[in-house]
Every structure is written in structure tokens, then in C-alpha cells.
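protein.cif (mmCIF, C-alpha atoms)
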data_structure
#
loop_
_atom_site.group_PDB
_atom_site.id
_atom_site.type_symbol
_atom_site.label_atom_id
_atom_site.label_comp_id
_atom_site.auth_asym_id
_atom_site.auth_seq_id
_atom_site.Cartn_x
_atom_site.Cartn_y
_atom_site.Cartn_z
ATOM 1 C CA MET P 1 78.945 49.363 70.548
ATOM 2 C CA THR P 2 77.255 50.344 67.269
ATOM 3 C CA LEU P 3 78.075 49.873 63.608
ATOM 4 C CA ALA P 4 79.153 53.514 63.465
ATOM 5 C CA ASP P 5 81.977 52.630 65.820
ATOM 6 C CA VAL P 6 83.352 50.155 63.294
ATOM 7 C CA ALA P 7 84.491 53.147 61.246
ATOM 8 C CA ILE P 8 87.657 53.077 63.333
ATOM 9 C CA ALA P 9 88.410 49.837 61.498
ATOM 10 C CA ASP P 10 90.721 52.019 59.406
ATOM 11 C CA ARG P 11 93.235 50.542 61.843
ATOM 12 C CA PHE P 12 91.892 47.014 61.496
ATOM 13 C CA VAL P 13 94.609 46.119 58.984
ATOM 14 C CA ASP P 14 97.160 46.825 61.726
ATOM 15 C CA LEU P 15 96.328 43.391 63.155
ATOM 16 C CA ALA P 16 98.480 41.821 60.445
ATOM 17 C CA GLY P 17 101.467 40.357 62.247
ATOM 18 C CA LEU P 18 99.940 40.902 65.690
ATOM 19 C CA LEU P 19 97.282 38.188 65.683
ATOM 20 C CA GLU P 20 98.112 35.220 63.467
ATOM 21 C CA SER P 21 96.416 32.306 65.231
ATOM 22 C CA CYS P 22 94.306 31.406 68.226
ATOM 23 C CA GLU P 23 92.606 28.439 69.850
ATOM 24 C CA VAL P 24 88.821 28.365 69.764
ATOM 25 C CA ASP P 25 87.082 25.806 71.953
ATOM 26 C CA GLY P 26 89.973 23.391 71.396
ATOM 27 C CA PHE P 27 90.202 24.105 67.638
ATOM 28 C CA ARG P 28 92.904 26.134 65.920
ATOM 29 C CA ALA P 29 92.184 29.127 63.717
ATOM 30 C CA ASP P 30 94.886 30.789 61.613
ATOM 31 C CA PHE P 31 94.224 34.355 60.485
ATOM 32 C CA LEU P 32 95.368 35.054 56.937
ATOM 33 C CA SER P 33 93.923 38.472 56.172
ATOM 34 C CA TRP P 34 92.622 41.585 57.878
ATOM 35 C CA GLY P 35 91.458 44.799 56.328
ATOM 36 C CA HIS P 36 88.765 47.244 55.356
ATOM 37 C CA TYR P 37 87.293 49.063 52.400
ATOM 38 C CA ARG P 38 86.502 52.693 53.078
ATOM 39 C CA PRO P 39 83.098 54.057 52.023
ATOM 40 C CA GLU P 40 83.909 54.826 48.398
ATOM 41 C CA TYR P 41 83.091 53.036 45.179
ATOM 42 C CA TRP P 42 85.040 49.789 44.745
ATOM 43 C CA ARG P 43 84.652 46.304 43.312
ATOM 44 C CA ASN P 44 86.832 43.281 43.961
ATOM 45 C CA TYR P 45 85.570 41.130 41.045
ATOM 46 C CA TRP P 46 85.070 37.371 40.922
ATOM 47 C CA HIS P 47 87.534 35.294 42.922
ATOM 48 C CA SER P 48 87.742 32.535 45.542
ATOM 49 C CA HIS P 49 89.858 31.695 48.604
ATOM 50 C CA SER P 50 91.266 28.614 50.263
ATOM 51 C CA PHE P 51 90.042 29.992 53.601
ATOM 52 C CA HIS P 52 86.956 31.567 55.163
ATOM 53 C CA GLU P 53 86.512 35.262 54.437
ATOM 54 C CA VAL P 54 83.948 37.286 56.358
ATOM 55 C CA CYS P 55 82.802 40.857 55.790
ATOM 56 C CA LEU P 56 80.796 43.195 57.993
ATOM 57 C CA ALA P 57 79.189 46.196 56.298
ATOM 58 C CA TYR P 58 79.169 49.264 58.511
ATOM 59 C CA SER P 59 78.025 51.975 56.076
ATOM 60 C CA GLY P 60 76.592 52.503 52.597
ATOM 61 C CA ALA P 61 75.179 49.799 50.358
ATOM 62 C CA GLY P 62 76.323 47.266 47.791
ATOM 63 C CA ARG P 63 75.925 43.766 46.446
ATOM 64 C CA PHE P 64 77.453 40.426 47.380
ATOM 65 C CA ASN P 65 77.434 37.865 44.583
ATOM 66 C CA SER P 66 78.096 34.254 45.556
ATOM 67 C CA GLY P 67 77.852 31.725 42.746
ATOM 68 C CA ASP P 68 74.476 32.202 41.085
ATOM 69 C CA LEU P 69 72.985 34.093 44.027
ATOM 70 C CA ARG P 70 72.852 37.864 44.532
ATOM 71 C CA TYR P 71 72.470 39.569 47.882
ATOM 72 C CA ASP P 72 71.857 43.194 48.744
ATOM 73 C CA VAL P 73 74.262 44.530 51.351
ATOM 74 C CA GLN P 74 73.487 47.260 53.878
ATOM 75 C CA PRO P 75 74.869 48.348 57.259
ATOM 76 C CA GLY P 76 74.646 45.365 59.588
ATOM 77 C CA SER P 77 75.012 42.765 56.843
ATOM 78 C CA VAL P 78 77.504 39.999 57.581
ATOM 79 C CA PHE P 79 78.452 37.863 54.597
ATOM 80 C CA LEU P 80 80.656 34.841 54.210
ATOM 81 C CA ALA P 81 82.707 33.188 51.476
ATOM 82 C CA ARG P 82 83.633 29.646 52.430
ATOM 83 C CA PRO P 83 86.742 27.979 50.968
ATOM 84 C CA GLY P 84 86.256 27.524 47.224
ATOM 85 C CA ASP P 85 83.197 29.803 46.972
ATOM 86 C CA VAL P 86 83.476 31.995 43.870
ATOM 87 C CA HIS P 87 82.219 35.456 44.793
ATOM 88 C CA GLU P 88 82.529 39.179 44.283
ATOM 89 C CA ILE P 89 81.535 42.342 46.133
ATOM 90 C CA GLU P 90 80.561 45.621 44.515
ATOM 91 C CA SER P 91 79.903 48.899 46.246
ATOM 92 C CA SER P 92 77.016 51.167 45.348
ATOM 93 C CA ARG P 93 78.148 54.269 43.476
ATOM 94 C CA SER P 94 75.589 56.533 45.126
ATOM 95 C CA GLU P 95 76.002 55.072 48.641
ATOM 96 C CA PRO P 96 79.610 53.817 48.841
ATOM 97 C CA LEU P 97 80.004 50.656 50.852
ATOM 98 C CA GLY P 98 82.258 50.476 53.895
ATOM 99 C CA ILE P 99 83.244 47.052 55.226
ATOM 100 C CA ALA P 100 85.674 45.405 57.601
ATOM 101 C CA PHE P 101 86.864 41.918 56.635
ATOM 102 C CA TRP P 102 88.826 39.085 58.161
ATOM 103 C CA GLY P 103 89.972 35.759 56.744
ATOM 104 C CA PHE P 104 90.983 32.600 58.577
ATOM 105 C CA THR P 105 91.362 28.853 58.259
ATOM 106 C CA PHE P 106 89.300 26.717 60.609
ATOM 107 C CA ARG P 107 89.141 22.934 60.932
ATOM 108 C CA PRO P 108 87.108 21.743 63.912
ATOM 109 C CA GLY P 109 88.053 18.073 63.514
ATOM 110 C CA SER P 110 84.469 17.088 64.286
ATOM 111 C CA ASP P 111 81.402 16.526 62.128
ATOM 112 C CA GLU P 112 79.080 17.031 65.092
ATOM 113 C CA PRO P 113 76.777 20.066 64.821
ATOM 114 C CA GLY P 114 77.689 23.015 66.953
ATOM 115 C CA TRP P 115 78.421 26.720 66.809
ATOM 116 C CA TRP P 116 81.101 25.948 64.167
ATOM 117 C CA SER P 117 78.601 24.461 61.702
ATOM 118 C CA GLY P 118 78.024 27.971 60.387
ATOM 119 C CA LEU P 119 81.518 27.749 58.922
ATOM 120 C CA THR P 120 81.636 24.104 57.919
ATOM 121 C CA ARG P 121 78.116 23.523 56.546
ATOM 122 C CA SER P 122 78.510 23.874 52.767
ATOM 123 C CA ASP P 123 74.785 24.372 52.231
ATOM 124 C CA GLY P 124 74.429 26.926 55.010
ATOM 125 C CA PRO P 125 73.575 30.619 54.624
ATOM 126 C CA VAL P 126 76.201 33.070 53.408
ATOM 127 C CA MET P 127 74.323 36.249 54.398
ATOM 128 C CA SER P 128 73.263 37.121 57.933
ATOM 129 C CA ASP P 129 72.008 40.043 59.975
ATOM 130 C CA ARG P 130 73.173 38.522 63.266
ATOM 131 C CA THR P 131 75.883 41.040 63.988
ATOM 132 C CA GLY P 132 75.827 40.161 67.690
ATOM 133 C CA SER P 133 79.028 41.378 69.289
ATOM 134 C CA LEU P 134 80.981 41.533 65.995
ATOM 135 C CA PRO P 135 81.092 45.369 65.872
ATOM 136 C CA ALA P 136 82.340 45.521 69.457
ATOM 137 C CA LEU P 137 84.960 42.810 68.816
ATOM 138 C CA ILE P 138 86.253 44.521 65.694
ATOM 139 C CA THR P 139 86.605 47.886 67.388
ATOM 140 C CA ALA P 140 88.240 46.284 70.448
ATOM 141 C CA LEU P 141 90.736 44.432 68.233
ATOM 142 C CA ALA P 142 91.502 47.619 66.306
ATOM 143 C CA ALA P 143 91.994 49.626 69.498
ATOM 144 C CA GLU P 144 94.255 46.963 71.045
ATOM 145 C CA ALA P 145 96.358 46.771 67.896
ATOM 146 C CA ALA P 146 96.582 50.548 67.543
ATOM 147 C CA ALA P 147 98.542 50.912 70.778
ATOM 148 C CA PRO P 148 99.881 47.532 71.971
ATOM 149 C CA VAL P 149 100.867 47.361 75.625
ATOM 150 C CA SER P 150 102.056 44.564 77.887
ATOM 151 C CA GLY P 151 99.711 41.581 77.619
ATOM 152 C CA TYR P 152 98.430 42.559 74.174
ATOM 153 C CA SER P 153 99.033 39.097 72.683
ATOM 154 C CA THR P 154 96.825 37.433 75.302
ATOM 155 C CA ALA P 155 94.125 40.067 74.850
ATOM 156 C CA LEU P 156 94.220 39.780 71.056
ATOM 157 C CA GLY P 157 94.128 35.986 71.219
ATOM 158 C CA ALA P 158 91.024 36.042 73.415
ATOM 159 C CA LEU P 159 89.311 38.622 71.221
ATOM 160 C CA GLY P 160 90.289 36.722 68.066
ATOM 161 C CA ALA P 161 88.891 33.456 69.413
ATOM 162 C CA THR P 162 85.628 35.166 70.275
ATOM 163 C CA LEU P 163 85.559 36.759 66.821
ATOM 164 C CA VAL P 164 85.772 33.334 65.157
ATOM 165 C CA MET P 165 83.049 31.915 67.395
ATOM 166 C CA GLU P 166 80.715 34.884 66.912
ATOM 167 C CA THR P 167 81.339 34.728 63.161
ATOM 168 C CA ALA P 168 80.298 31.082 63.066
ATOM 169 C CA ARG P 169 77.242 31.751 65.206
ATOM 170 C CA ALA P 170 76.105 34.414 62.756
ATOM 171 C CA PHE P 171 75.718 31.741 60.061
ATOM 172 C CA ALA P 172 74.803 28.673 62.135
ATOM 173 C CA LEU P 173 71.339 27.169 62.010
ATOM 174 C CA ASP P 174 69.251 27.649 65.127
ATOM 175 C CA GLU P 175 69.156 23.912 65.794
ATOM 176 C CA ASP P 176 72.957 23.758 65.732
ATOM 177 C CA LEU P 177 73.193 26.463 68.386
ATOM 178 C CA ALA P 178 70.599 24.970 70.703
ATOM 179 C CA VAL P 179 71.922 23.482 73.947
ATOM 180 C CA GLU P 180 70.280 21.913 76.952
ATOM 181 C CA PRO P 181 69.263 24.542 79.499
ATOM 182 C CA VAL P 182 71.881 24.925 82.202
ATOM 183 C CA ARG P 183 70.249 24.305 85.552
ATOM 184 C CA ARG P 184 72.497 25.491 88.329
ATOM 185 C CA ASP P 185 71.907 25.200 92.028
ATOM 186 C CA ARG P 186 73.171 28.592 93.162
ATOM 187 C CA GLY P 187 72.816 27.625 96.801
ATOM 188 C CA PRO P 188 76.346 26.253 97.273
ATOM 189 C CA LEU P 189 77.859 29.219 95.423
ATOM 190 C CA VAL P 190 75.983 31.736 97.544
ATOM 191 C CA VAL P 191 76.915 29.980 100.770
ATOM 192 C CA GLU P 192 80.522 29.823 99.650
ATOM 193 C CA ALA P 193 80.409 33.591 99.132
ATOM 194 C CA MET P 194 79.028 34.052 102.648
ATOM 195 C CA GLN P 195 81.710 31.812 104.128
ATOM 196 C CA ARG P 196 84.342 33.766 102.234
ATOM 197 C CA HIS P 197 82.961 36.978 103.697
ATOM 198 C CA LEU P 198 83.259 35.493 107.177
ATOM 199 C CA ARG P 199 86.857 34.362 106.651
ATOM 200 C CA ASP P 200 87.848 37.716 105.153
ATOM 201 C CA ASN P 201 86.476 39.674 108.124
ATOM 202 C CA LEU P 202 87.248 37.562 111.198
ATOM 203 C CA SER P 203 88.889 40.463 113.012
ATOM 204 C CA ARG P 204 85.944 42.810 112.465
ATOM 205 C CA PRO P 205 82.510 42.936 114.101
ATOM 206 C CA ILE P 206 80.165 40.855 111.912
ATOM 207 C CA THR P 207 76.400 40.479 112.036
ATOM 208 C CA VAL P 208 74.018 38.263 110.087
ATOM 209 C CA ARG P 209 72.895 41.430 108.308
ATOM 210 C CA ASP P 210 76.453 42.032 107.044
ATOM 211 C CA VAL P 211 76.795 38.507 105.706
ATOM 212 C CA ALA P 212 73.350 38.571 104.088
ATOM 213 C CA ALA P 213 74.123 41.906 102.421
ATOM 214 C CA ALA P 214 77.371 40.500 101.004
ATOM 215 C CA ALA P 215 75.307 37.771 99.315
ATOM 216 C CA HIS P 216 72.497 40.176 98.300
ATOM 217 C CA LEU P 217 69.950 38.262 100.370
ATOM 218 C CA SER P 218 67.574 39.052 103.173
ATOM 219 C CA GLU P 219 68.761 38.041 106.641
ATOM 220 C CA ARG P 220 66.082 35.375 106.901
ATOM 221 C CA HIS P 221 66.858 33.868 103.501
ATOM 222 C CA ALA P 222 70.624 33.975 104.099
ATOM 223 C CA GLU P 223 70.329 32.245 107.471
ATOM 224 C CA ARG P 224 67.972 29.570 106.137
ATOM 225 C CA LEU P 225 70.151 28.847 103.085
ATOM 226 C CA PHE P 226 73.345 28.782 105.143
ATOM 227 C CA GLN P 227 71.813 26.343 107.634
ATOM 228 C CA GLN P 228 70.559 24.071 104.836
ATOM 229 C CA GLN P 229 73.948 23.901 103.133
ATOM 230 C CA THR P 230 76.265 23.657 106.168
ATOM 231 C CA GLY P 231 74.140 22.342 109.017
ATOM 232 C CA ALA P 232 75.217 25.262 111.204
ATOM 233 C CA SER P 233 74.108 28.848 111.681
ATOM 234 C CA ILE P 234 76.085 31.812 110.383
ATOM 235 C CA MET P 235 77.142 32.984 113.838
ATOM 236 C CA THR P 236 78.073 29.469 114.988
ATOM 237 C CA THR P 237 80.281 29.141 111.912
ATOM 238 C CA LEU P 238 81.782 32.573 112.607
ATOM 239 C CA ARG P 239 82.769 31.549 116.144
ATOM 240 C CA ARG P 240 84.280 28.290 114.892
ATOM 241 C CA LEU P 241 86.324 30.043 112.210
ATOM 242 C CA ARG P 242 87.575 32.618 114.689
ATOM 243 C CA LEU P 243 88.669 29.998 117.186
ATOM 244 C CA GLU P 244 90.342 27.884 114.482
ATOM 245 C CA LEU P 245 92.290 30.965 113.436
ATOM 246 C CA ALA P 246 93.172 31.659 117.058
ATOM 247 C CA ALA P 247 94.512 28.114 117.479
ATOM 248 C CA GLN P 248 96.885 28.730 114.571
ATOM 249 C CA LEU P 249 97.986 32.182 115.710
ATOM 250 C CA LEU P 250 98.750 30.953 119.229
ATOM 251 C CA LEU P 251 101.501 28.738 117.822
ATOM 252 C CA ASP P 252 103.509 31.895 117.101
ATOM 253 C CA PRO P 253 105.228 32.787 120.421
ATOM 254 C CA THR P 254 105.896 36.354 119.253
ATOM 255 C CA VAL P 255 102.159 37.140 119.219
ATOM 256 C CA THR P 256 100.530 37.861 122.578
ATOM 257 C CA VAL P 257 97.229 36.297 123.605
ATOM 258 C CA THR P 258 95.706 39.775 123.578
ATOM 259 C CA GLU P 259 96.816 40.287 119.977
ATOM 260 C CA VAL P 260 95.425 36.902 119.013
ATOM 261 C CA ALA P 261 92.091 37.744 120.617
ATOM 262 C CA ARG P 262 91.825 41.025 118.729
ATOM 263 C CA SER P 263 92.865 39.395 115.452
ATOM 264 C CA CYS P 264 89.958 37.009 115.901
ATOM 265 C CA GLY P 265 87.308 39.617 116.621
ATOM 266 C CA TYR P 266 87.411 39.626 120.437
ATOM 267 C CA SER P 267 87.840 43.013 122.078
ATOM 268 C CA ASP P 268 88.869 41.478 125.414
ATOM 269 C CA VAL P 269 90.948 38.481 126.445
ATOM 270 C CA ARG P 270 88.423 37.152 128.998
ATOM 271 C CA PRO P 271 85.555 36.290 126.623
ATOM 272 C CA PHE P 272 88.121 35.008 124.133
ATOM 273 C CA SER P 273 89.661 32.656 126.701
ATOM 274 C CA THR P 274 86.236 31.451 127.790
ATOM 275 C CA ALA P 275 85.177 30.721 124.221
ATOM 276 C CA PHE P 276 88.505 29.052 123.422
ATOM 277 C CA ARG P 277 88.338 26.761 126.457
ATOM 278 C CA ARG P 278 84.727 25.841 125.726
ATOM 279 C CA HIS P 279 85.682 24.885 122.159
ATOM 280 C CA TYR P 280 89.054 23.176 122.707
ATOM 281 C CA GLY P 281 88.832 22.084 126.345
ATOM 282 C CA ARG P 282 91.876 24.084 127.404
ATOM 283 C CA THR P 283 92.957 27.666 127.781
ATOM 284 C CA PRO P 284 94.863 29.602 125.091
ATOM 285 C CA GLY P 285 97.972 29.430 127.277
ATOM 286 C CA GLU P 286 97.729 25.656 127.659
ATOM 287 C CA HIS P 287 97.250 25.332 123.918
ATOM 288 C CA ARG P 288 100.375 27.401 123.294
ATOM 289 C CA ARG P 289 102.478 25.460 125.786
ATOM 290 C CA ALA P 290 101.369 22.168 124.225
ATOM 291 C CA GLY P 291 102.379 23.422 120.804
ATOM 292 C CA GLY P 292 98.878 22.793 119.510
ATOM 293 C CA THR P 293 99.049 19.053 120.195
ATOM 294 C CA GLU P 294 96.878 17.016 122.551
ATOM 295 C CA PHE P 295 98.282 14.538 125.040
ATOM 296 C CA VAL P 296 96.498 11.400 126.151
ATOM 297 C CA GLN P 297 97.395 10.410 129.664
ATOM 298 C CA GLU P 298 98.294 6.739 129.947
ATOM 299 C CA ILE P 299 96.698 4.748 132.753
#

Represent the structure of the file as C-alpha cells.
Amino acid sequence: MTLADVAIADRFVDLAGLLESCEVDGFRADFLSWGHYRPEYWRNYWHSHSFHEVCLAYSGAGRFNSGDLRYDVQPGSVFLARPGDVHEIESSRSEPLGIAFWGFTFRPGSDEPGWWSGLTRSDGPVMSDRTGSLPALITALAAEAAAPVSGYSTALGALGATLVMETARAFALDEDLAVEPVRRDRGPLVVEAMQRHLRDNLSRPITVRDVAAAAHLSERHAERLFQQQTGASIMTTLRRLRLELAAQLLLDPTVTVTEVARSCGYSDVRPFSTAFRRHYGRTPGEHRRAGGTEFVQEI
């Protein structure tokens, strides 16, 4: 998504009444204004707000005056007026400025530094070139609002929350955005994906190659990782899962033993019965007659 796409923000004002508030990382944000200025000469003169107002320039040029400071505005400029900041924006006459703007209240309820410090830090920057995903979010919000369909309120709320967070990140100091590197052991997640593949395909022929491919691993790596995490091989686990499923299916008297065998990946009853007896110590028929329970003979 490029800045040129933000030109469809002609519909951005349509968000009024559709997205009024959202929750952002446990904090509430209330949207008070949405809109745009088309690329033509304009000036909004000195004023202030009781809320945060953010503008994204998508075409032309202009100037953003905030207190005693003056900033040149060009496509890709993001500029911020915090509550109480006296400011004005003036478009260039020769290169009319086009902007999208949004205004919201935001009270994090915490003085700890974080992504929100870009909004709450009074001495922080008011001009940024960190557009990030802001153009994409604006166009997505405009498109969703242009033709609302079922679920639009959830979609707008999620987009609005991300808009607030990305806005704050654009003005946050680098040290406030820094987090400890996330070190994840992907082993358990990958093995879980392989186990899921086994469970989802118990009735079909399965090879180690199939399971490894589902996890995007080589056969050797998949087998080694699976063994490390579970203590059993892939094929041993497959046989156990099939027989556990068979034990459950056999409790339904309307399903034949042949049907149970095929549902568990066995093409013939004989190898199924042999495997079942080796695992449970009794035949499928005995298991069915016992209702799945085991009896201990008293002496």
C-alpha cells in the first residue's frame, strides 16, 4: 500500500458514526474526528484541541506550525498535535497539500514507557516520517466504511486499534519501543503440527515423508525432532493414535469391525485385529463385548 492509495481517503470522513471507540492493548481510545483535505490550497489557522489530532500528508506540500516551531510537510509526513498544542497547517499554493486526519482521546493509565509514549510524552517529536502501515490502515478503514457488511464493527474496531498503536509508534522514541528479544522454542509447535497432521489423516496412508512435508522439514529432521519432543517415533505414534481411535469406534455397535479398521487406516481386518490385540491384549470383538472396560478376575 502506497501513499497514492490514500487518495481514496475522500471516503475517510464516512467513518464518523461507524467507529467511535476501541480498546488498544487494554486502554480505551475514543475517536472524535475523521476527515481529509483534498489537494487544493487551504489553511486551518491557529487553534488547539482537547484530544490528539494526527495528519498524514499523501500529496503536495505545506507547513505545520506548532508553537514556535515550523515544519515543512511533504508526502509521507505524519504530524501530531497533542492536547493543548496550539498549531496551524497551511497548504502550499503551488503544490496543494492533501492530508487525511484523525482525532482521538487516549489515556493509558500508566506512566511506564511503551509504544504509547509517542502520544503521552509532552516533549516528544510532533513530526515523523515513520508512516509504517498508516497508509494501508487508512485505506482499509475507508474501504470498510464505504460498503459496510456483516462484521464491519469488529473489523473497524481492530483496524482502529491498530491505527492508534501505529500512530503512537510513529512518534515514540526508539528506547520506548525497544523490547527484549522473543526467544521461542519452535520445537513443540512444530511437533504439535505434525501430531495434528497425524490425527487429521488417520484413515489415509501416511508416511514419514508426508508428515515431514506438512511441517516443512526434511524426513530426518522431522523424525529426530519428533522423537526428542515425544519420546516416540512418528510411525509408532501413528499406530497408537489409530488404535486409540479404533477403541472408541468399536463402542458403537452400528459400526462393523471392517468399517472401524478402514477408518483407522487398515485396508484389511486381519492386520488390524493383530495390531489391536498386541496393543490392548484382546481382540476388537472382545473389546466391543466388554464395552471398552477391563475386568480383573478375582482369585

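Here the question is which of P:Tyr45, P:Tyr266, P:Phe31, P:Phe101 gets nearest to P:Ile138 using only C-alpha atoms, and that residue is P:Phe101.
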
Query raised in the report: Nearest to P:Thr162 among P:Arg183, P:Gln74, P:Trp115, P:Tyr280, with distances taken over all atoms listed in the file: which residue is it?
Result: P:Trp115

**Report entry** atom CA of P:Thr237 to atom CA of P:Ala214, straight-line distance in Å
**Finding:** 16.0 Å

Query raised in the report: Using all atoms listed in the file, which residues sit within 8 Å of P:Ala246 once same-chain residues fewer than 2 positions away are excluded, as a list in words?
Result: Arg242, Leu243, Glu244, Gln248, Leu249, Leu250, Val260, Ala261, Ser263 and Cys264 of chain P

Mind telling me what the PyMOL selection byres ((chain P and resi 121) around 12) catches here, as a CSV table (one decimal) with C-alpha atoms, keeping the file's coordinate frame?
chain,number,residue,atom,x,y,z
P,80,LEU,CA,80.7,34.8,54.2
P,81,ALA,CA,82.7,33.2,51.5
P,82,ARG,CA,83.6,29.6,52.4
P,83,PRO,CA,86.7,28.0,51.0
P,107,ARG,CA,89.1,22.9,60.9
P,108,PRO,CA,87.1,21.7,63.9
P,110,SER,CA,84.5,17.1,64.3
P,111,ASP,CA,81.4,16.5,62.1
P,112,GLU,CA,79.1,17.0,65.1
P,113,PRO,CA,76.8,20.1,64.8
P,114,GLY,CA,77.7,23.0,67.0
P,115,TRP,CA,78.4,26.7,66.8
P,116,TRP,CA,81.1,25.9,64.2
P,117,SER,CA,78.6,24.5,61.7
P,118,GLY,CA,78.0,28.0,60.4
P,119,LEU,CA,81.5,27.7,58.9
P,120,THR,CA,81.6,24.1,57.9
P,122,SER,CA,78.5,23.9,52.8
P,123,ASP,CA,74.8,24.4,52.2
P,124,GLY,CA,74.4,26.9,55.0
P,125,PRO,CA,73.6,30.6,54.6
P,126,VAL,CA,76.2,33.1,53.4
P,168,ALA,CA,80.3,31.1,63.1
P,169,ARG,CA,77.2,31.8,65.2
P,171,PHE,CA,75.7,31.7,60.1
P,172,ALA,CA,74.8,28.7,62.1
P,173,LEU,CA,71.3,27.2,62.0
P,176,ASP,CA,73.0,23.8,65.7

Report task. May I ask for the distance between atom CA of P:Ala193 and atom CA of P:Ala215, given in Å to one decimal place? Result -> 6.6 Å

Query raised in the report: Suppose you want the space between atom CA of P:Leu159 and atom CA of P:Phe64; what is it in Å?
Result: 26.7 Å

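Look at P:Glu95: the protein and nucleic acid residues within 6 Å of it, using all atoms listed in the file and passing over chain neighbours fewer than 3 places away, are P:Gly60, P:Ala61, P:Ser92.
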
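Taking all atoms listed in the file into account, P:Ala170 lies nearest to P:Ser77 out of the set P:Ser77, P:Ser233, P:Gln195, P:Ser150.
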
Query raised in the report: Could you spell out the hits of the PyMOL selection byres ((chain P and resi 236) around 12) on the shown file, as a PyMOL selection string?
Result: chain P and resi 195+198+206-208+223+226-227+230-235+237-243+275+279

Report task. Give me the result of the PyMOL selection byres ((chain P and resi 29) around 8) on this file, residue by residue, as a PyMOL selection string. Result -> chain P and resi 21-24+27-28+30-31+104-107+161+164

With C-alpha atoms kept, could you save the residues just selected as a PDB file, in the frame of the given file?
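Output file result-v1.pdb follows:
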ATOM      1  CA  SER P  21      96.416  32.306  65.231  1.00  0.00           C
ATOM      2  CA  CYS P  22      94.306  31.406  68.226  1.00  0.00           C
ATOM      3  CA  GLU P  23      92.606  28.439  69.850  1.00  0.00           C
ATOM      4  CA  VAL P  24      88.821  28.365  69.764  1.00  0.00           C
ATOM      5  CA  PHE P  27      90.202  24.105  67.638  1.00  0.00           C
ATOM      6  CA  ARG P  28      92.904  26.134  65.920  1.00  0.00           C
ATOM      7  CA  ASP P  30      94.886  30.789  61.613  1.00  0.00           C
ATOM      8  CA  PHE P  31      94.224  34.355  60.485  1.00  0.00           C
ATOM      9  CA  PHE P 104      90.983  32.600  58.577  1.00  0.00           C
ATOM     10  CA  THR P 105      91.362  28.853  58.259  1.00  0.00           C
ATOM     11  CA  PHE P 106      89.300  26.717  60.609  1.00  0.00           C
ATOM     12  CA  ARG P 107      89.141  22.934  60.932  1.00  0.00           C
ATOM     13  CA  ALA P 161      88.891  33.456  69.413  1.00  0.00           C
ATOM     14  CA  VAL P 164      85.772  33.334  65.157  1.00  0.00           C
TER      15      VAL P 164
END

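Excluding P:Ala100 and any residue on its chain fewer than 6 positions from it, the residues at most 6 Å away by all atoms listed in the file are Gly35, His36, Cys55 and Leu56 of chain P.
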
Go ahead and dump the residues you just picked, C-alpha atoms, as a PDB file, in the coordinates of the input.
ATOM      1  CA  GLY P  35      91.458  44.799  56.328  1.00  0.00           C
ATOM      2  CA  HIS P  36      88.765  47.244  55.356  1.00  0.00           C
ATOM      3  CA  CYS P  55      82.802  40.857  55.790  1.00  0.00           C
ATOM      4  CA  LEU P  56      80.796  43.195  57.993  1.00  0.00           C
TER       5      LEU P  56
END

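When all atoms listed in the file are used to compute distances to P:Thr139, the closest of the residues P:Ile89, P:Leu163, P:Val257, P:Leu217 turns out to be P:Leu163.
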
Give, as AutoDock Vina command-line options, the centre coordinates and the x, y and z edge lengths in Å to one decimal for an axis-aligned box around all listed atoms of stretch 256-275 of chain P, padded by 8 Å on each side.
--center_x 92.9 --center_y 36.9 --center_z 122.2 --size_x 31.4 --size_y 28.3 --size_z 29.5

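Between P:Asn44 and the candidates P:His87, P:Arg278, P:Arg199, P:Arg224, the tightest atom-to-atom separation, counting all atoms listed in the file, involves P:His87.
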
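Using all atoms listed in the file, the protein and nucleic acid residues lying no more than 7 Å from P:Ser273, apart from those fewer than 4 places from it along its own chain, are P:Val269, P:Arg277, P:Thr283, P:Pro284.
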
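Residue nearest P:Ala142 within the list P:Leu202, P:Tyr71, P:Gly292, P:Trp34: P:Trp34 [criterion: smallest interatomic distance, only C-alpha atoms].
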